[in-house]
$ cat coords-v9.cif   # mmCIF, C-alpha atoms
data_work
loop_
_atom_site.label_atom_id
_atom_site.label_comp_id
_atom_site.auth_asym_id
_atom_site.auth_seq_id
_atom_site.Cartn_x
_atom_site.Cartn_y
_atom_site.Cartn_z
CA MET A 1 15.44 -15.68 18.13
CA ASN A 2 17.32 -12.64 16.83
CA LYS A 3 14.92 -9.85 16.11
CA GLU A 4 15.43 -8.15 12.78
CA MET A 5 16.08 -4.45 13.01
CA MET A 6 16.44 -1.48 10.70
CA SER A 7 17.80 1.97 11.41
CA ALA A 8 15.71 5.05 12.20
CA LYS A 9 16.60 6.69 8.88
CA GLN A 10 15.58 3.62 6.92
CA GLY A 11 12.27 3.55 8.80
CA ILE A 12 11.47 7.15 7.86
CA TYR A 13 12.50 6.62 4.22
CA LEU A 14 10.30 3.53 4.04
CA LEU A 15 7.37 5.44 5.51
CA ILE A 16 7.75 8.26 2.96
CA LEU A 17 8.01 5.87 0.00
CA PHE A 18 5.00 3.95 1.29
CA MET A 19 2.92 7.12 1.51
CA ILE A 20 3.98 8.31 -1.95
CA GLY A 21 2.97 4.82 -3.12
CA SER A 22 0.78 4.51 -6.13
CA ASN A 23 -1.50 7.37 -5.11
CA LEU A 24 0.47 10.34 -6.37
CA PHE A 25 0.53 8.89 -9.85
CA MET A 26 -3.21 8.38 -9.87
CA GLY A 27 -3.58 12.00 -8.75
CA LEU A 28 -4.55 13.06 -5.27
CA ALA A 29 -8.28 13.82 -4.91
CA PRO A 30 -8.95 14.15 -8.67
CA SER A 31 -12.62 14.96 -8.03
CA THR A 32 -11.67 18.31 -6.48
CA LYS A 33 -9.99 19.39 -9.75
CA SER A 34 -8.29 22.78 -9.30
CA ASP A 35 -8.68 22.67 -5.50
CA ALA A 36 -6.80 19.39 -5.14
CA TRP A 37 -3.81 21.16 -3.58
CA ILE A 38 -6.06 22.55 -0.81
CA ALA A 39 -7.48 19.03 -0.36
CA VAL A 40 -3.92 17.71 0.14
CA ILE A 41 -3.37 20.21 2.97
CA VAL A 42 -6.78 19.40 4.49
CA GLY A 43 -6.05 15.64 4.27
CA THR A 44 -2.65 16.09 5.90
CA VAL A 45 -4.25 18.02 8.77
CA MET A 46 -6.98 15.34 9.08
CA ALA A 47 -4.30 12.66 9.45
CA VAL A 48 -2.65 14.33 12.45
CA PRO A 49 -5.00 12.91 15.15
CA MET A 50 -4.80 9.38 13.70
CA PHE A 51 -1.02 9.58 13.55
CA PHE A 52 -1.12 10.43 17.26
CA VAL A 53 -3.14 7.25 17.83
CA TYR A 54 -0.70 5.06 15.86
CA ALA A 55 2.37 6.62 17.46
CA ARG A 56 0.83 6.33 20.92
CA LEU A 57 0.17 2.61 20.36
CA LEU A 58 3.77 2.08 19.31
CA SER A 59 5.20 4.07 22.22
CA LEU A 60 2.90 2.31 24.68
CA PHE A 61 4.18 -1.10 23.61
CA LYS A 62 7.76 -0.50 22.50
CA GLY A 63 9.23 -3.19 20.26
CA ARG A 64 5.89 -4.93 19.76
CA ASP A 65 3.82 -5.00 16.59
CA ILE A 66 0.05 -4.73 16.21
CA PHE A 67 -0.46 -8.51 16.45
CA ASP A 68 1.42 -8.70 19.77
CA ILE A 69 -0.51 -5.67 20.97
CA LEU A 70 -3.82 -7.33 20.06
CA ASP A 71 -2.77 -10.49 21.90
CA LEU A 72 -1.84 -8.47 24.98
CA VAL A 73 -4.84 -6.17 24.99
CA PHE A 74 -7.67 -8.50 24.00
CA GLY A 75 -6.29 -11.90 24.93
CA ARG A 76 -5.53 -14.82 22.61
CA VAL A 77 -8.96 -15.59 21.18
CA LEU A 78 -10.43 -12.11 20.61
CA GLY A 79 -6.96 -10.79 19.73
CA ARG A 80 -6.58 -13.34 16.96
CA ILE A 81 -10.06 -12.68 15.59
CA ILE A 82 -9.26 -8.95 15.31
CA ALA A 83 -5.83 -9.86 13.90
CA LEU A 84 -7.63 -11.47 10.94
CA ALA A 85 -8.80 -7.97 9.95
CA TYR A 86 -5.17 -6.81 9.93
CA ILE A 87 -4.19 -9.78 7.79
CA TRP A 88 -6.96 -9.18 5.29
CA TYR A 89 -6.41 -5.42 5.00
CA PRO A 90 -2.72 -5.42 3.96
CA PHE A 91 -3.38 -8.42 1.72
CA HIS A 92 -6.19 -6.63 -0.11
CA LEU A 93 -4.26 -3.35 -0.19
CA GLY A 94 -1.15 -5.06 -1.58
CA ALA A 95 -3.28 -6.74 -4.26
CA MET A 96 -4.78 -3.37 -5.19
CA VAL A 97 -1.34 -1.77 -5.46
CA ILE A 98 -0.11 -4.61 -7.67
CA ARG A 99 -3.25 -4.36 -9.79
CA ASN A 100 -2.78 -0.61 -10.03
CA LEU A 101 0.67 -1.15 -11.49
CA GLY A 102 -0.69 -3.82 -13.83
CA GLU A 103 -3.39 -1.45 -15.09
CA PHE A 104 -0.82 1.30 -15.54
CA MET A 105 1.40 -0.97 -17.62
CA ASN A 106 -1.58 -2.25 -19.57
CA THR A 107 -3.20 1.13 -20.21
CA VAL A 108 -0.30 3.49 -20.67
CA ALA A 109 3.16 2.00 -20.86
CA MET A 110 3.14 -1.51 -22.42
CA ARG A 111 -0.23 -2.06 -24.04
CA ASP A 112 0.46 -5.39 -25.71
CA THR A 113 2.00 -7.08 -22.68
CA PRO A 114 -0.37 -9.32 -20.69
CA MET A 115 -1.23 -7.66 -17.40
CA LEU A 116 -0.24 -10.67 -15.33
CA LEU A 117 3.40 -10.37 -16.35
CA PRO A 118 4.39 -7.05 -14.71
CA MET A 119 2.28 -8.06 -11.71
CA LEU A 120 4.16 -11.35 -11.37
CA PHE A 121 7.49 -9.54 -11.55
CA ILE A 122 6.53 -7.03 -8.86
CA GLY A 123 5.12 -9.87 -6.74
CA GLY A 124 8.34 -11.86 -7.24
CA LEU A 125 10.45 -8.89 -6.15
CA GLY A 126 8.20 -8.38 -3.14
CA ILE A 127 8.59 -12.04 -2.16
CA TRP A 128 12.38 -11.73 -2.53
CA VAL A 129 12.49 -8.67 -0.29
CA VAL A 130 10.24 -10.22 2.35
CA MET A 131 12.35 -13.39 2.34
CA GLY A 132 15.39 -11.14 2.88
CA GLY A 133 13.76 -9.61 5.94
CA VAL A 134 12.79 -6.17 7.08
CA GLU A 135 16.41 -4.94 7.03
CA LEU A 136 16.50 -5.53 3.29
CA LEU A 137 13.29 -3.52 2.93
CA GLY A 138 14.93 -0.71 4.92
CA ARG A 139 18.08 -0.78 2.81
CA CYS A 140 16.00 -0.77 -0.41
CA SER A 141 14.17 2.34 0.77
CA LYS A 142 17.46 4.05 1.55
CA VAL A 143 18.57 3.48 -2.06
CA PHE A 144 15.23 4.23 -3.69
CA LEU A 145 14.09 7.42 -1.95
CA PRO A 146 16.94 9.58 -3.34
CA ILE A 147 16.19 8.24 -6.85
CA VAL A 148 12.50 9.16 -6.50
CA VAL A 149 13.31 12.63 -5.09
CA ILE A 150 15.91 13.36 -7.79
CA ILE A 151 13.47 12.39 -10.56
CA MET A 152 10.78 14.58 -8.99
CA VAL A 153 13.13 17.58 -8.71
CA ILE A 154 14.41 17.22 -12.29
CA THR A 155 10.93 16.84 -13.79
CA THR A 156 9.72 19.82 -11.73
CA LEU A 157 12.53 21.98 -13.12
CA LEU A 158 11.87 20.84 -16.67
CA ILE A 159 8.12 21.44 -16.40
CA ILE A 160 8.55 25.12 -15.43
CA PRO A 161 7.96 26.47 -19.00
CA TYR A 162 4.58 24.70 -19.10
CA LEU A 163 3.20 26.13 -15.87
CA ASP A 164 0.05 28.20 -16.24
CA PHE A 165 -1.06 29.96 -13.06
CA GLU A 166 -4.47 30.75 -14.55
CA ASN A 167 -5.40 27.09 -14.02
CA PHE A 168 -5.78 27.68 -10.28
CA LYS A 169 -8.86 29.78 -10.82
CA PRO A 170 -11.59 29.57 -9.69
CA VAL A 171 -10.63 28.69 -6.12
CA MET A 172 -13.31 26.67 -4.29
CA TYR A 173 -15.95 27.42 -6.92
CA ASP A 174 -18.17 24.56 -5.64
CA GLY A 175 -17.75 25.52 -1.99
CA ILE A 176 -15.84 23.93 0.85
CA PHE A 177 -17.52 20.48 0.91
CA PRO A 178 -15.85 18.97 -2.18
CA VAL A 179 -12.50 20.07 -0.73
CA LEU A 180 -13.29 18.43 2.63
CA ASN A 181 -14.39 15.29 0.80
CA GLY A 182 -11.16 15.31 -1.21
CA GLY A 183 -9.22 15.78 2.03
CA PHE A 184 -10.96 12.70 3.43
CA GLU A 185 -10.00 10.72 0.31
CA ILE A 186 -6.35 11.72 0.76
CA PHE A 187 -6.56 10.90 4.46
CA ALA A 188 -7.81 7.40 3.65
CA PHE A 189 -5.87 6.59 0.52
CA PRO A 190 -2.24 7.18 1.30
CA LEU A 191 -2.07 8.63 4.81
CA ALA A 192 -4.06 6.41 7.16
CA GLU A 193 -2.77 3.34 5.32
CA THR A 194 0.32 3.86 7.47
CA VAL A 195 -1.58 1.87 10.09
CA LEU A 196 0.44 -0.98 8.55
CA PHE A 197 3.56 0.61 10.01
CA LEU A 198 2.31 -0.63 13.37
CA VAL A 199 3.85 -3.87 12.08
CA VAL A 200 7.00 -2.43 10.50
CA LEU A 201 8.07 0.33 12.88
CA SER A 202 8.30 -2.11 15.79
CA SER A 203 11.48 -3.34 14.05
CA VAL A 204 13.18 0.06 14.05
CA LYS A 205 16.25 0.11 16.24
CA THR A 206 16.18 3.48 17.91
CA ASP A 207 15.30 5.23 21.11
CA LYS A 208 13.70 8.09 19.21
CA SER A 209 10.01 8.56 19.72
CA SER A 210 7.63 6.93 17.26
CA TYR A 211 5.81 10.30 17.07
CA ARG A 212 8.88 11.69 15.36
CA PHE A 213 8.77 9.03 12.63
CA TYR A 214 5.14 9.52 11.87
CA PHE A 215 5.13 13.32 11.88
CA PHE A 216 8.37 13.74 9.98
CA GLY A 217 7.04 11.36 7.32
CA LEU A 218 3.74 13.24 7.21
CA LEU A 219 5.52 16.57 6.78
CA ILE A 220 7.61 15.30 3.87
CA PHE A 221 4.59 13.66 2.25
CA GLY A 222 2.58 16.89 2.63
CA ALA A 223 5.35 18.87 0.91
CA ILE A 224 5.73 16.38 -1.97
CA GLY A 225 1.96 15.98 -2.33
CA VAL A 226 1.28 19.72 -2.52
CA LEU A 227 4.18 20.27 -4.95
CA LEU A 228 3.13 17.52 -7.35
CA THR A 229 -0.56 18.40 -7.17
CA LEU A 230 0.23 22.06 -7.90
CA ARG A 231 2.29 20.92 -10.87
CA ASN A 232 -0.52 18.70 -12.14
CA ILE A 233 -3.09 21.50 -11.94
CA MET A 234 -0.84 24.14 -13.45
CA VAL A 235 0.22 22.00 -16.40
CA LEU A 236 -2.91 19.98 -17.19
CA GLY A 237 -5.63 22.36 -16.03
CA ASP A 238 -8.53 21.45 -13.76
CA ASP A 239 -10.57 19.53 -16.35
CA MET A 240 -7.76 17.23 -17.44
CA VAL A 241 -6.66 16.48 -13.86
CA GLY A 242 -10.10 15.06 -13.11
CA VAL A 243 -10.27 12.95 -16.27
CA VAL A 244 -6.83 11.42 -16.84
CA TYR A 245 -6.12 8.16 -14.96
CA PHE A 246 -2.42 8.83 -14.42
CA PRO A 247 -2.02 12.65 -14.47
CA LEU A 248 1.65 12.76 -13.48
CA TYR A 249 2.61 10.54 -16.40
CA GLU A 250 0.48 12.57 -18.80
CA GLU A 251 1.97 15.80 -17.53
CA VAL A 252 5.62 14.78 -17.84
CA SER A 253 4.98 13.34 -21.31
CA ARG A 254 4.33 16.92 -22.46
CA ILE A 255 7.88 18.02 -21.71
CA SER A 256 9.74 18.79 -24.90
CA ILE A 257 12.64 21.16 -24.51
CA GLY A 258 14.53 22.12 -27.66
CA GLU A 259 13.12 18.98 -29.27
CA PHE A 260 15.92 17.19 -27.51
CA ILE A 261 14.73 16.56 -23.96
CA GLN A 262 11.46 14.75 -24.52
CA ARG A 263 9.72 11.46 -23.81
CA ILE A 264 11.02 11.49 -20.27
CA GLU A 265 7.75 10.10 -18.90
CA VAL A 266 9.59 6.82 -18.49
CA SER A 267 11.29 8.44 -15.46
CA VAL A 268 7.85 8.85 -13.86
CA ALA A 269 7.07 5.24 -14.71
CA THR A 270 10.30 4.28 -12.93
CA THR A 271 9.29 6.10 -9.75
CA PHE A 272 5.84 4.53 -10.00
CA VAL A 273 7.32 1.04 -10.20
CA ILE A 274 9.71 1.77 -7.30
CA THR A 275 7.05 3.12 -4.96
CA ALA A 276 4.49 0.45 -5.93
CA PHE A 277 7.12 -2.20 -5.25
CA VAL A 278 7.91 -0.75 -1.81
CA LYS A 279 4.23 -0.46 -0.92
CA ALA A 280 3.39 -3.97 -2.11
CA SER A 281 6.39 -5.34 -0.18
CA VAL A 282 5.32 -3.64 3.05
CA CYS A 283 1.80 -5.05 2.59
CA LEU A 284 3.18 -8.54 1.92
CA TYR A 285 5.46 -8.28 4.95
CA ALA A 286 2.56 -7.24 7.20
CA THR A 287 0.38 -10.09 5.86
CA CYS A 288 3.12 -12.69 6.39
CA ILE A 289 3.86 -11.44 9.92
CA GLY A 290 0.15 -11.56 10.73
CA LEU A 291 -0.34 -15.07 9.34
CA SER A 292 2.76 -16.38 11.12
CA LYS A 293 1.63 -14.91 14.46
CA VAL A 294 -1.96 -16.11 14.18
CA PHE A 295 -0.92 -19.65 13.21
CA GLY A 296 2.08 -19.68 15.56
CA LEU A 297 4.67 -20.40 12.85
CA THR A 298 8.43 -20.50 13.45
CA SER A 299 9.12 -17.86 10.79
CA TYR A 300 7.10 -15.63 8.51
CA ARG A 301 9.54 -16.47 5.71
CA SER A 302 8.14 -19.97 5.33
CA ILE A 303 4.87 -18.61 3.88
CA ALA A 304 6.23 -15.56 2.02
CA VAL A 305 6.33 -17.24 -1.39
CA GLN A 306 2.78 -18.58 -1.29
CA THR A 307 1.31 -15.43 0.24
CA GLY A 308 3.02 -13.33 -2.42
CA LEU A 309 1.72 -15.56 -5.21
CA LEU A 310 -1.77 -15.50 -3.72
CA MET A 311 -1.57 -11.70 -3.61
CA VAL A 312 -0.64 -11.51 -7.30
CA LEU A 313 -3.37 -13.95 -8.35
CA PHE A 314 -5.86 -12.12 -6.17
CA ALA A 315 -4.81 -8.84 -7.81
CA TYR A 316 -5.46 -10.42 -11.21
CA ILE A 317 -9.04 -11.45 -10.37
CA LEU A 318 -9.81 -8.36 -8.28
CA PHE A 319 -11.28 -6.12 -10.98
CA GLU A 320 -12.62 -6.73 -14.46
CA ASN A 321 -11.20 -3.52 -15.91
CA ILE A 322 -9.73 -0.13 -15.02
CA MET A 323 -13.22 1.43 -14.63
CA ASP A 324 -14.01 -1.06 -11.87
CA MET A 325 -10.75 -0.16 -10.17
CA ILE A 326 -11.41 3.58 -10.37
CA PHE A 327 -14.89 3.09 -8.92
CA PHE A 328 -13.55 0.95 -6.09
CA VAL A 329 -11.00 3.67 -5.34
CA SER A 330 -13.90 6.11 -4.93
CA ILE A 331 -15.54 3.94 -2.23
CA TYR A 332 -12.25 2.81 -0.72
CA PRO A 333 -12.15 5.51 2.03
CA TYR A 334 -15.37 4.09 3.51
CA TYR A 335 -14.20 0.50 3.17
CA ALA A 336 -10.87 1.26 4.86
CA LEU A 337 -12.37 3.32 7.69
CA PRO A 338 -12.76 0.41 10.17
CA PHE A 339 -9.16 -0.75 9.66
CA GLN A 340 -7.66 2.73 9.69
CA VAL A 341 -9.70 4.56 12.29
CA LEU A 342 -12.24 2.50 14.26
CA LEU A 343 -10.10 -0.49 15.25
CA PRO A 344 -6.95 1.51 16.18
CA VAL A 345 -9.01 3.91 18.30
CA ILE A 346 -10.76 1.01 20.08
CA ILE A 347 -7.43 -0.78 20.61
CA LEU A 348 -5.86 2.41 22.01
CA ILE A 349 -8.77 3.09 24.38
CA VAL A 350 -8.75 -0.47 25.76
CA ALA A 351 -4.93 -0.47 25.98
CA GLU A 352 -4.90 2.86 27.85
CA ILE A 353 -7.53 1.65 30.32
CA ARG A 354 -5.78 -1.67 30.93
CA THR A 355 -2.35 -0.06 31.23
CA ARG A 356 -3.50 2.60 33.68
CA THR A 357 -5.27 0.06 35.84
CA GLY A 358 -2.00 -1.89 35.97
CA LEU A 359 -3.29 -4.92 34.04
CA LEU A 360 -0.76 -4.58 31.22
CA PRO A 361 3.03 -4.30 31.29
CA ALA A 362 3.52 -1.41 28.88
CA GLY A 363 6.58 0.38 27.55
CA ARG A 364 8.97 -2.58 27.50
CA ARG A 365 11.18 -3.38 24.55
CA SER A 366 11.08 -7.11 23.96
CA MET B 367 -0.05 -22.53 -20.16
CA VAL B 368 -1.21 -25.23 -17.72
CA ILE B 369 2.04 -27.11 -18.21
CA VAL B 370 4.03 -23.94 -17.42
CA VAL B 371 1.98 -23.44 -14.24
CA ILE B 372 2.48 -27.06 -13.11
CA MET B 373 6.22 -26.94 -13.83
CA ALA B 374 6.57 -23.64 -11.95
CA TYR B 375 4.71 -25.10 -8.98
CA ALA B 376 6.87 -28.25 -9.05
CA LEU B 377 9.93 -26.00 -8.66
CA ILE B 378 8.28 -23.94 -5.92
CA ILE B 379 7.32 -27.07 -4.00
CA TYR B 380 10.85 -28.45 -4.37
CA TRP B 381 12.50 -25.22 -3.12
CA ASP B 382 9.96 -23.96 -0.66
CA LEU B 383 7.78 -26.75 0.71
CA ILE B 384 10.03 -29.83 0.93
CA PRO B 385 12.75 -28.11 3.06
CA LEU B 386 10.04 -27.26 5.63
CA TYR B 387 9.05 -30.92 5.81
CA ARG B 388 12.68 -31.98 6.20
CA GLN B 389 13.25 -29.45 8.99
CA LYS B 390 10.19 -30.92 10.74
CA HIS B 391 8.42 -27.57 10.97
CA ARG B 392 5.04 -29.30 10.84
CA ARG B 393 2.89 -26.24 11.44
CA ASP B 394 4.75 -24.11 8.86
CA PHE B 395 4.53 -27.01 6.44
CA GLY B 396 0.77 -27.36 6.98
CA VAL B 397 0.00 -23.67 6.41
CA ASN B 398 2.33 -23.53 3.43
CA LEU B 399 0.75 -26.65 1.92
CA ALA B 400 -2.74 -25.19 2.30
CA LEU B 401 -1.65 -21.92 0.66
CA THR B 402 0.16 -23.84 -2.11
CA LEU B 403 -2.95 -25.87 -2.94
CA LEU B 404 -5.08 -22.70 -2.96
CA THR B 405 -2.74 -20.74 -5.24
CA LEU B 406 -2.23 -23.77 -7.50
CA ALA B 407 -5.98 -24.16 -7.91
CA ILE B 408 -6.41 -20.44 -8.72
CA ALA B 409 -3.44 -20.45 -11.11
CA ILE B 410 -4.77 -23.49 -13.00
CA LEU B 411 -8.26 -21.97 -13.22
CA ILE B 412 -6.79 -18.69 -14.54
CA SER B 413 -4.75 -20.61 -17.11
CA PHE B 414 -8.01 -22.25 -18.30
CA ASP B 415 -9.53 -18.75 -18.66
CA VAL B 416 -12.15 -19.43 -16.00
CA THR B 417 -13.70 -16.23 -14.63
CA LEU B 418 -13.24 -16.33 -10.87
CA PRO B 419 -15.58 -14.38 -8.59
CA SER B 420 -13.94 -11.24 -7.27
CA PRO B 421 -14.55 -10.22 -3.64
CA SER B 422 -14.57 -6.54 -4.65
CA TYR B 423 -18.16 -6.76 -5.89
CA PRO B 424 -19.70 -7.97 -2.60
CA ILE B 425 -17.57 -5.40 -0.74
CA ARG B 426 -18.72 -2.71 -3.17
CA ASN B 427 -22.38 -3.71 -2.78
CA ILE B 428 -22.18 -3.70 1.03
CA ILE B 429 -20.51 -0.30 1.13
CA THR B 430 -22.81 1.31 -1.43
CA SER B 431 -25.82 -0.04 0.49
CA ILE B 432 -24.47 1.54 3.70
CA ILE B 433 -23.32 4.91 2.39
CA GLY B 434 -25.93 5.11 -0.36
CA LYS B 435 -23.43 6.03 -3.08
CA GLN B 436 -24.68 5.23 -6.56
CA VAL B 437 -22.58 3.27 -9.01
CA SER B 438 -20.93 5.81 -11.23
CA TYR B 439 -17.62 5.94 -12.97
CA GLU B 440 -16.83 9.60 -12.40
#
$ encode --input "coords-v9.cif" --output "structure tokens"
Amino acid sequence: MNKEMMSAKQGIYLLILFMIGSNLFMGLAPSTKSDAWIAVIVGTVMAVPMFFVYARLLSLFKGRDIFDILDLVFGRVLGRIIALAYIWYPFHLGAMVIRNLGEFMNTVAMRDTPMLLPMLFIGGLGIWVVMGGVELLGRCSKVFLPIVVIIMVITTLLIIPYLDFENFKPVMYDGIFPVLNGGFEIFAFPLAETVLFLVVLSSVKTDKSSYRFYFFGLLIFGAIGVLLTLRNIMVLGDDMVGVVYFPLYEEVSRISIGEFIQRIEVSVATTFVITAFVKASVCLYATCIGLSKVFGLTSYRSIAVQTGLLMVLFAYILFENIMDMIFFVSIYPYYALPFQVLLPVIILIVAEIRTRTGLLPAGRRS
Amino acid sequence: MVIVVIMAYALIIYWDLIPLYRQKHRRDFGVNLALTLLTLAIAILISFDVTLPSPSYPIRNIITSIIGKQVSYE
């Protein structure tokens, strides 16, 4: 069977779009208010050791994804039981991303449209992309990342007259612990979710080290995250940042230059839809790959449609309202900890032991 | 609404499920059929406005009981 491949550049672009995801629009660490920008830096630093773990797993088993690695390291039975966790996690995450978009459309952008409709469209696009294969996902990211970056640069330039540096004060008024907590939220919400790239990055056709992918992506995310969080705080002020559900949208909606350039918040909505679509597609792809490997199917494409539909329907029944969603987001770091930290660390330790004792053939590209 | 759901599923089965049967990919067909029946059941229940239990609440209860975080919407 021909293995699908994407280029190194596409892999990095996809990683960056995935990390930007839906999180930036919901505001990074809103509970830390005016210290959110420090929390972004703390979260980025916290992610470094875990990124080492992910990159080490990929470099140890070149060309293999997490499900192959689990099969190799733990054997067929235990490997498949643990693989169920990595089917459930992207499925649930994808449903949350789709729901997030649905809530955004329902709360802010299109209030009279039933929530299921935008969710079905995003799900349909995700199914289309997954049916097209991982190369299509890579090509999409190559087209979409420049659009997202251009919109961010233009809105940043236009927002300059509204910046108020007084909003930074007081710095760390409540002490260091809220900032550390916020850093942990950022670590769990966009950054350590890249554990799913243990499925995707195995398809990247390059001899470059997987460390390079992860750390380059992290660097770019850190820069974008700090920039946008600084913008949010300076324009909205610390109280508003903690209260508004979608601060970036709120912030850009304030732009009115010469009473001519205004109502450009739709550009932010566009980037939100793009990044949510990419993130949901990656989640759907990881779920389909996992299901096809666990059940021994001939192709993951044969279940893409039904898995995508199940994800959308699951997203619809996931929360009763936006308050439920916001509360779940607050406990999400603890829920995601086993998938993001515990399991990868255990897998790496067992893999290292078995490789060094010569029980595993590591480092081969299949 | 139910009619729309059933018609949509008829098309999906025609385009997605039947080719798998014809290609004799029995395992793929089996998994796909199971998923189709599951999503069809959920879609019909949603179209009848039935409130389905969400798994987020048990997850939330387990996590709050472990970490001791109180239910608050802040």
$ interface_residues --input "coords-v9.cif" --of "chain B" --to "chain A" --cutoff "6 Å" --atoms "all atoms listed in the file" --output "ChimeraX atom specification"
/B:394,398,401-402,405,420,439
$ closest_residue --input "coords-v9.cif" --among "A:Ser209, A:Asn232, A:Thr357, A:Gln340" --to "Leu58 (chain A)" --atoms "only C-alpha atoms"
A:Ser209
$ resolve_selection --input "coords-v9.cif" --expression "the PyMOL selection byres ((chain A and resi 176-182) around 12)" --output "PDB file with C-alpha atoms, keeping the file's coordinate frame"
ATOM      1  CA  GLY A  27      -3.580  12.000  -8.750  1.00  0.00           C
ATOM      2  CA  LEU A  28      -4.550  13.060  -5.270  1.00  0.00           C
ATOM      3  CA  ALA A  29      -8.280  13.820  -4.910  1.00  0.00           C
ATOM      4  CA  PRO A  30      -8.950  14.150  -8.670  1.00  0.00           C
ATOM      5  CA  SER A  31     -12.620  14.960  -8.030  1.00  0.00           C
ATOM      6  CA  THR A  32     -11.670  18.310  -6.480  1.00  0.00           C
ATOM      7  CA  LYS A  33      -9.990  19.390  -9.750  1.00  0.00           C
ATOM      8  CA  SER A  34      -8.290  22.780  -9.300  1.00  0.00           C
ATOM      9  CA  ASP A  35      -8.680  22.670  -5.500  1.00  0.00           C
ATOM     10  CA  ALA A  36      -6.800  19.390  -5.140  1.00  0.00           C
ATOM     11  CA  TRP A  37      -3.810  21.160  -3.580  1.00  0.00           C
ATOM     12  CA  ILE A  38      -6.060  22.550  -0.810  1.00  0.00           C
ATOM     13  CA  ALA A  39      -7.480  19.030  -0.360  1.00  0.00           C
ATOM     14  CA  VAL A  40      -3.920  17.710   0.140  1.00  0.00           C
ATOM     15  CA  ILE A  41      -3.370  20.210   2.970  1.00  0.00           C
ATOM     16  CA  VAL A  42      -6.780  19.400   4.490  1.00  0.00           C
ATOM     17  CA  GLY A  43      -6.050  15.640   4.270  1.00  0.00           C
ATOM     18  CA  THR A  44      -2.650  16.090   5.900  1.00  0.00           C
ATOM     19  CA  VAL A  45      -4.250  18.020   8.770  1.00  0.00           C
ATOM     20  CA  MET A  46      -6.980  15.340   9.080  1.00  0.00           C
ATOM     21  CA  VAL A 171     -10.630  28.690  -6.120  1.00  0.00           C
ATOM     22  CA  MET A 172     -13.310  26.670  -4.290  1.00  0.00           C
ATOM     23  CA  TYR A 173     -15.950  27.420  -6.920  1.00  0.00           C
ATOM     24  CA  ASP A 174     -18.170  24.560  -5.640  1.00  0.00           C
ATOM     25  CA  GLY A 175     -17.750  25.520  -1.990  1.00  0.00           C
ATOM     26  CA  GLY A 183      -9.220  15.780   2.030  1.00  0.00           C
ATOM     27  CA  PHE A 184     -10.960  12.700   3.430  1.00  0.00           C
ATOM     28  CA  GLU A 185     -10.000  10.720   0.310  1.00  0.00           C
ATOM     29  CA  ILE A 186      -6.350  11.720   0.760  1.00  0.00           C
ATOM     30  CA  PHE A 187      -6.560  10.900   4.460  1.00  0.00           C
ATOM     31  CA  ALA A 188      -7.810   7.400   3.650  1.00  0.00           C
ATOM     32  CA  PHE A 189      -5.870   6.590   0.520  1.00  0.00           C
ATOM     33  CA  GLY A 242     -10.100  15.060 -13.110  1.00  0.00           C
ATOM     34  CA  SER A 330     -13.900   6.110  -4.930  1.00  0.00           C
ATOM     35  CA  ILE A 331     -15.540   3.940  -2.230  1.00  0.00           C
ATOM     36  CA  PRO A 333     -12.150   5.510   2.030  1.00  0.00           C
ATOM     37  CA  TYR A 334     -15.370   4.090   3.510  1.00  0.00           C
TER      38      TYR A 334
END
$ atom_distance --input "coords-v9.cif" --atom1 "CA of Val129 (chain A)" --atom2 "CA of Glu193 (chain A)"
20.2 Å
$ atom_distance --input "coords-v9.cif" --atom1 "CA of Ala280 (chain A)" --atom2 "CA of Gly94 (chain A)"
4.7 Å
$ resolve_selection --input "coords-v9.cif" --expression "the PyMOL selection byres ((chain A and resi 51) around 8)" --output "compact mmCIF listing (two decimals) with C-alpha atoms, in the frame of the given file"
# COMPACT_ATOMS: atom_id res chain seq x y z
CA ALA A 47 -4.30 12.66 9.45
CA VAL A 48 -2.65 14.33 12.45
CA PRO A 49 -5.00 12.91 15.15
CA MET A 50 -4.80 9.38 13.70
CA PHE A 52 -1.12 10.43 17.26
CA VAL A 53 -3.14 7.25 17.83
CA TYR A 54 -0.70 5.06 15.86
CA ALA A 55 2.37 6.62 17.46
CA ALA A 192 -4.06 6.41 7.16
CA TYR A 211 5.81 10.30 17.07
CA TYR A 214 5.14 9.52 11.87
CA PHE A 215 5.13 13.32 11.88
$ resolve_selection --input "coords-v9.cif" --expression "the PyMOL selection byres ((chain A and resi 116) around 10)" --output "ChimeraX atom specification"
/A:98-99,102-103,106,113-115,117-121,312-313,315-316
$ atom_distance --input "coords-v9.cif" --atom1 "CA of Leu15 (chain A)" --atom2 "CA of Thr194 (chain A)"
7.5 Å
$ closest_residue --input "coords-v9.cif" --among "A:Arg56, A:Arg139, A:Arg354, A:Lys293" --to "Ala8 (chain A)" --atoms "all atoms listed in the file"
A:Arg139
$ residues_around --input "coords-v9.cif" --residues "Ile261 (chain A)" --least-positions-apart "6" --cutoff "12 Å" --atoms "only C-alpha atoms" --output "VMD selection string"
chain A and resid 154 to 155 158 to 159 252 to 255
$ residues_around --input "coords-v9.cif" --residues "Val370 (chain B)" --least-positions-apart "6" --cutoff "12 Å" --atoms "only C-alpha atoms" --output "ChimeraX atom specification"
/B:376-377,406,409-410,413
$ closest_residue --input "coords-v9.cif" --among "A:Met5, A:Ile346, A:Phe277, A:Val268" --to "Leu125 (chain A)" --atoms "all atoms listed in the file"
A:Phe277
$ closest_residue --input "coords-v9.cif" --among "A:Ile264, A:Leu236, A:Val200, A:Ile151" --to "Arg64 (chain A)" --atoms "all atoms listed in the file"
A:Val200
